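Asker: Input: one structure, supplied below.
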Amino acid sequence: MSQWAHDMFGQRASLVRECVAEALSVAADNAREAQEVARTDHLHPFGFTLMSRKFEALAEAFQDLGDVRIVKPGGSQHELVVLDGTLLFPFRYAKDRSGSVMSARIGDGRPSALVQALFNRFGPEPRMRQLALHDVAPHAVPVAEALGDLPDDTRLVLIAYAANAHAGLLDAWWGEAELLDRLGSLRWHHCEEIPLTQEAAALAQGDTAAAFDQGALPSPELNPRSAGPAPIPLWPEAAGGA
């Protein structure tokens, strides 16, 4: 475990990390199951299921631990986990491994009012001037007010993961970052990988297996030809020696 993780979660940092990995794996598996049941080539079932289950699975994973609060901000459909004064926020940063988490954006478009409010209230001290809430999205102000019952020293921990309907969960990271712009660009202050569960790791490994033409060529088995009858001549004169 890193010093950052120990500073965040104390002696149970390892347990917290395991719970996060398990929750993401469960959410991705549920989303893949929904996609299979839907029997459609469109990926909406996977995406919609994952959007909800990632929050629900996290809440389920931590519901029996002490010092845990499950909060549902006004205007949000999702419950958020606050553990020891740390708010966990999961988001999918990629659908494959073609990009780096360091260039991740939070969301596919403009960050939601909730996301902007979380960064403004609980994100790390920005290393550059951060846009005020009213500059980014005026409708984020009521959301920020709805989070007023959380202490001001609450810290926002991002959980970034890559997943798709074919392979499920590919990788996961957590850390702290600041929101840079209206497109959801991030500047990580700290980011480290979360080891996946064995099942998720095996599935992800299968999705990144080498292409057929990159593998070792098979060695065909050669069996000796058994002795058979003498070949029959094609022409009668060949048989008579004429």
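Ordered as shown in the structure tokens, chains take letters A, B, and onward, while each chain numbers its residues from 1 and ligands are numbered from 1 in the order shown.
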Hey, what does DSSP flag as strand (DSSP E) within range 4-105 of chain A? Can you give it to me as a ChimeraX atom specification?
Answerer: /A:68-71,80-83,86-94
Asker: Could you dump the residues just selected with C-alpha atoms as a CSV table (one decimal), in the first residue's frame?
Answerer:
chain,number,residue,atom,x,y,z
A,68,VAL,CA,-19.5,5.0,6.5
A,69,ARG,CA,-22.2,7.4,5.2
A,70,ILE,CA,-24.3,6.9,2.2
A,71,VAL,CA,-25.4,10.3,0.9
A,80,LEU,CA,-22.3,8.3,-2.9
A,81,VAL,CA,-20.1,6.6,-0.3
A,82,VAL,CA,-18.3,8.8,2.2
A,83,LEU,CA,-15.8,6.7,4.2
A,86,THR,CA,-13.4,10.6,2.0
A,87,LEU,CA,-16.0,10.7,-0.7
A,88,LEU,CA,-15.6,8.0,-3.4
A,89,PHE,CA,-16.6,8.9,-6.9
A,90,PRO,CA,-16.3,6.2,-9.7
A,91,PHE,CA,-16.3,7.0,-13.4
A,92,ARG,CA,-15.5,5.2,-16.6
A,93,TYR,CA,-12.5,6.9,-18.3
A,94,ALA,CA,-12.2,4.6,-21.2
Asker: Let me make sure I understand: among A:Ala13, A:Leu196, A:Glu79, A:Leu170, which one has the smallest atom-to-atom distance to Ala57 in chain A if we use only C-alpha atoms?
Answerer: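 Under the stated criterion, the closest residue is A:Glu79.
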Asker: Give the answer as one residue: which of A:Ala204, A:Ala34, A:Ile106, A:Ala23 has the shortest atom-to-atom distance to Asp171 in chain A, using only C-alpha atoms?
Answerer: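 For Asp171 in chain A, the nearest of the candidates is A:Ala204.
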Asker: Using only C-alpha atoms, pick whichever of A:Asp41, A:Glu18, A:Asp108, A:Asp153 has the shortest atom-to-atom distance to Thr197 in chain A.
Answerer: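 Closest residue, counting only C-alpha atoms: A:Glu18.
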Asker: Identify, on the basis of only C-alpha atoms, every residue whose closest approach to Tyr161 in chain A does not exceed 12 Å; exclude the query and any residue fewer than 5 positions from it along the same chain; express the result as a VMD selection string.
Answerer: chain A and resid 20 to 21 23 to 25 27 to 28 50 54 89 to 97 99 to 102 104 to 107 168 to 175 191 to 196
Asker: Suppose we keep N, CA and C atoms; can you now write the selection as a short mmCIF file (atom, residue, chain, number, x, y, z; two decimals), in the first residue's frame?
Answerer:
data_model
loop_
_atom_site.label_atom_id
_atom_site.label_comp_id
_atom_site.auth_asym_id
_atom_site.auth_seq_id
_atom_site.Cartn_x
_atom_site.Cartn_y
_atom_site.Cartn_z
N VAL A 20 -13.23 -1.74 -3.24
CA VAL A 20 -13.43 -0.96 -4.46
C VAL A 20 -13.27 -1.85 -5.69
N ALA A 21 -12.23 -2.67 -5.71
CA ALA A 21 -11.99 -3.56 -6.85
C ALA A 21 -13.15 -4.55 -7.02
N ALA A 23 -16.27 -4.18 -5.96
CA ALA A 23 -17.49 -3.47 -6.37
C ALA A 23 -17.48 -3.16 -7.86
N LEU A 24 -16.35 -2.70 -8.38
CA LEU A 24 -16.25 -2.42 -9.81
C LEU A 24 -16.42 -3.68 -10.64
N SER A 25 -15.86 -4.77 -10.16
CA SER A 25 -15.98 -6.04 -10.87
C SER A 25 -17.43 -6.50 -10.92
N ALA A 27 -20.13 -4.60 -10.64
CA ALA A 27 -20.89 -3.69 -11.51
C ALA A 27 -20.66 -4.01 -12.98
N ALA A 28 -19.42 -4.27 -13.36
CA ALA A 28 -19.12 -4.59 -14.76
C ALA A 28 -19.75 -5.92 -15.16
N LEU A 50 -24.23 -0.15 -16.13
CA LEU A 50 -22.98 0.19 -15.47
C LEU A 50 -23.07 1.56 -14.79
N LYS A 54 -22.40 0.95 -10.68
CA LYS A 54 -21.11 1.30 -10.10
C LYS A 54 -21.30 2.02 -8.76
N PHE A 89 -15.84 8.60 -5.71
CA PHE A 89 -16.62 8.88 -6.92
C PHE A 89 -16.06 8.09 -8.10
N PRO A 90 -16.78 7.06 -8.55
CA PRO A 90 -16.31 6.24 -9.68
C PRO A 90 -16.77 6.80 -11.02
N PHE A 91 -15.93 6.66 -12.03
CA PHE A 91 -16.33 7.04 -13.38
C PHE A 91 -15.52 6.22 -14.39
N ARG A 92 -16.14 5.96 -15.53
CA ARG A 92 -15.45 5.22 -16.59
C ARG A 92 -14.67 6.20 -17.47
N TYR A 93 -13.37 6.02 -17.51
CA TYR A 93 -12.54 6.94 -18.28
C TYR A 93 -12.24 6.42 -19.68
N ALA A 94 -12.47 5.12 -19.93
CA ALA A 94 -12.16 4.55 -21.25
C ALA A 94 -12.94 3.26 -21.45
N LYS A 95 -13.10 2.90 -22.71
CA LYS A 95 -13.76 1.64 -23.07
C LYS A 95 -12.76 0.58 -23.48
N ASP A 96 -11.48 0.96 -23.57
CA ASP A 96 -10.43 0.00 -23.89
C ASP A 96 -9.13 0.53 -23.29
N ARG A 97 -8.01 -0.06 -23.69
CA ARG A 97 -6.72 0.34 -23.14
C ARG A 97 -5.89 1.17 -24.12
N GLY A 99 -5.91 4.42 -24.42
CA GLY A 99 -5.50 5.70 -23.86
C GLY A 99 -4.99 5.56 -22.44
N SER A 100 -4.33 6.61 -21.96
CA SER A 100 -3.78 6.61 -20.62
C SER A 100 -4.74 7.27 -19.65
N VAL A 101 -4.77 6.76 -18.45
CA VAL A 101 -5.62 7.36 -17.42
C VAL A 101 -5.16 8.77 -17.10
N MET A 102 -3.89 9.08 -17.37
CA MET A 102 -3.38 10.41 -17.07
C MET A 102 -4.01 11.48 -17.97
N ALA A 104 -7.23 11.21 -18.84
CA ALA A 104 -8.65 10.89 -18.70
C ALA A 104 -9.48 12.16 -18.56
N ARG A 105 -10.71 12.07 -19.04
CA ARG A 105 -11.72 13.09 -18.81
C ARG A 105 -12.85 12.46 -18.02
N ILE A 106 -13.44 13.22 -17.16
CA ILE A 106 -14.53 12.70 -16.35
C ILE A 106 -15.84 13.00 -17.07
N GLY A 107 -16.40 11.96 -17.68
CA GLY A 107 -17.61 12.11 -18.48
C GLY A 107 -17.29 12.24 -19.95
N GLY A 168 -15.57 -6.73 -19.91
CA GLY A 168 -15.88 -6.30 -18.56
C GLY A 168 -14.87 -5.28 -18.06
N LEU A 169 -14.44 -5.44 -16.82
CA LEU A 169 -13.51 -4.50 -16.20
C LEU A 169 -12.09 -4.75 -16.69
N LEU A 170 -11.45 -3.72 -17.23
CA LEU A 170 -10.10 -3.85 -17.78
C LEU A 170 -9.02 -3.39 -16.80
N ASP A 171 -9.21 -2.25 -16.19
CA ASP A 171 -8.28 -1.76 -15.19
C ASP A 171 -8.97 -0.72 -14.33
N ALA A 172 -8.33 -0.33 -13.23
CA ALA A 172 -8.92 0.64 -12.32
C ALA A 172 -7.80 1.42 -11.64
N TRP A 173 -8.07 2.66 -11.34
CA TRP A 173 -7.11 3.57 -10.71
C TRP A 173 -7.86 4.42 -9.69
N TRP A 174 -7.13 4.94 -8.71
CA TRP A 174 -7.74 5.91 -7.81
C TRP A 174 -6.72 6.96 -7.42
N GLY A 175 -7.24 8.11 -7.01
CA GLY A 175 -6.35 9.20 -6.64
C GLY A 175 -7.13 10.50 -6.50
N CYS A 191 -2.23 9.53 -8.52
CA CYS A 191 -2.98 8.48 -9.21
C CYS A 191 -2.19 7.18 -9.12
N GLU A 192 -2.87 6.11 -8.71
CA GLU A 192 -2.20 4.81 -8.64
C GLU A 192 -3.19 3.71 -9.01
N GLU A 193 -2.65 2.61 -9.48
CA GLU A 193 -3.48 1.52 -9.98
C GLU A 193 -4.07 0.71 -8.84
N ILE A 194 -5.29 0.21 -9.06
CA ILE A 194 -5.95 -0.69 -8.12
C ILE A 194 -5.87 -2.10 -8.69
N PRO A 195 -5.25 -3.04 -7.99
CA PRO A 195 -5.20 -4.42 -8.48
C PRO A 195 -6.62 -4.98 -8.61
N LEU A 196 -6.88 -5.66 -9.71
CA LEU A 196 -8.20 -6.23 -9.94
C LEU A 196 -8.35 -7.56 -9.21
#
Asker: Go through A:Ala165, A:Val115, A:Leu203, A:Leu180 and flag the residue nearest His42 in chain A, using only C-alpha atoms for the distances.
Answerer: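 Among the listed residues, the smallest separation from His42 in chain A belongs to A:Ala165.
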Asker: I'd like the contact shell of range 118-125 of chain A - 6 Å cut-off, only C-alpha atoms, skipping same-chain residues fewer than 2 positions apart - returned as a list in words.
Answerer: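 Contacts, with the query itself left out: Val115, Gln116, Thr154, Arg155 and Leu156 of chain A.
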Asker: Could you name the residues that touch Cys19 in chain A at 8 Å or less, counting only C-alpha atoms, but leaving out those on the same chain fewer than 5 positions away, as number ranges by chain?
Answerer: A: 58, 61-62
Asker: Taking only C-alpha atoms into account, which of A:Val157, A:Met1, A:Leu43, A:Ala113 comes nearest Gly85 in chain A?
Answerer: A:Val157
Asker: Could you pull out all residues of range 73-138 of chain A with a DSSP call of alpha helix (DSSP H) and give them as a VMD selection string?
Answerer: chain A and resid 113 to 122 133 to 136
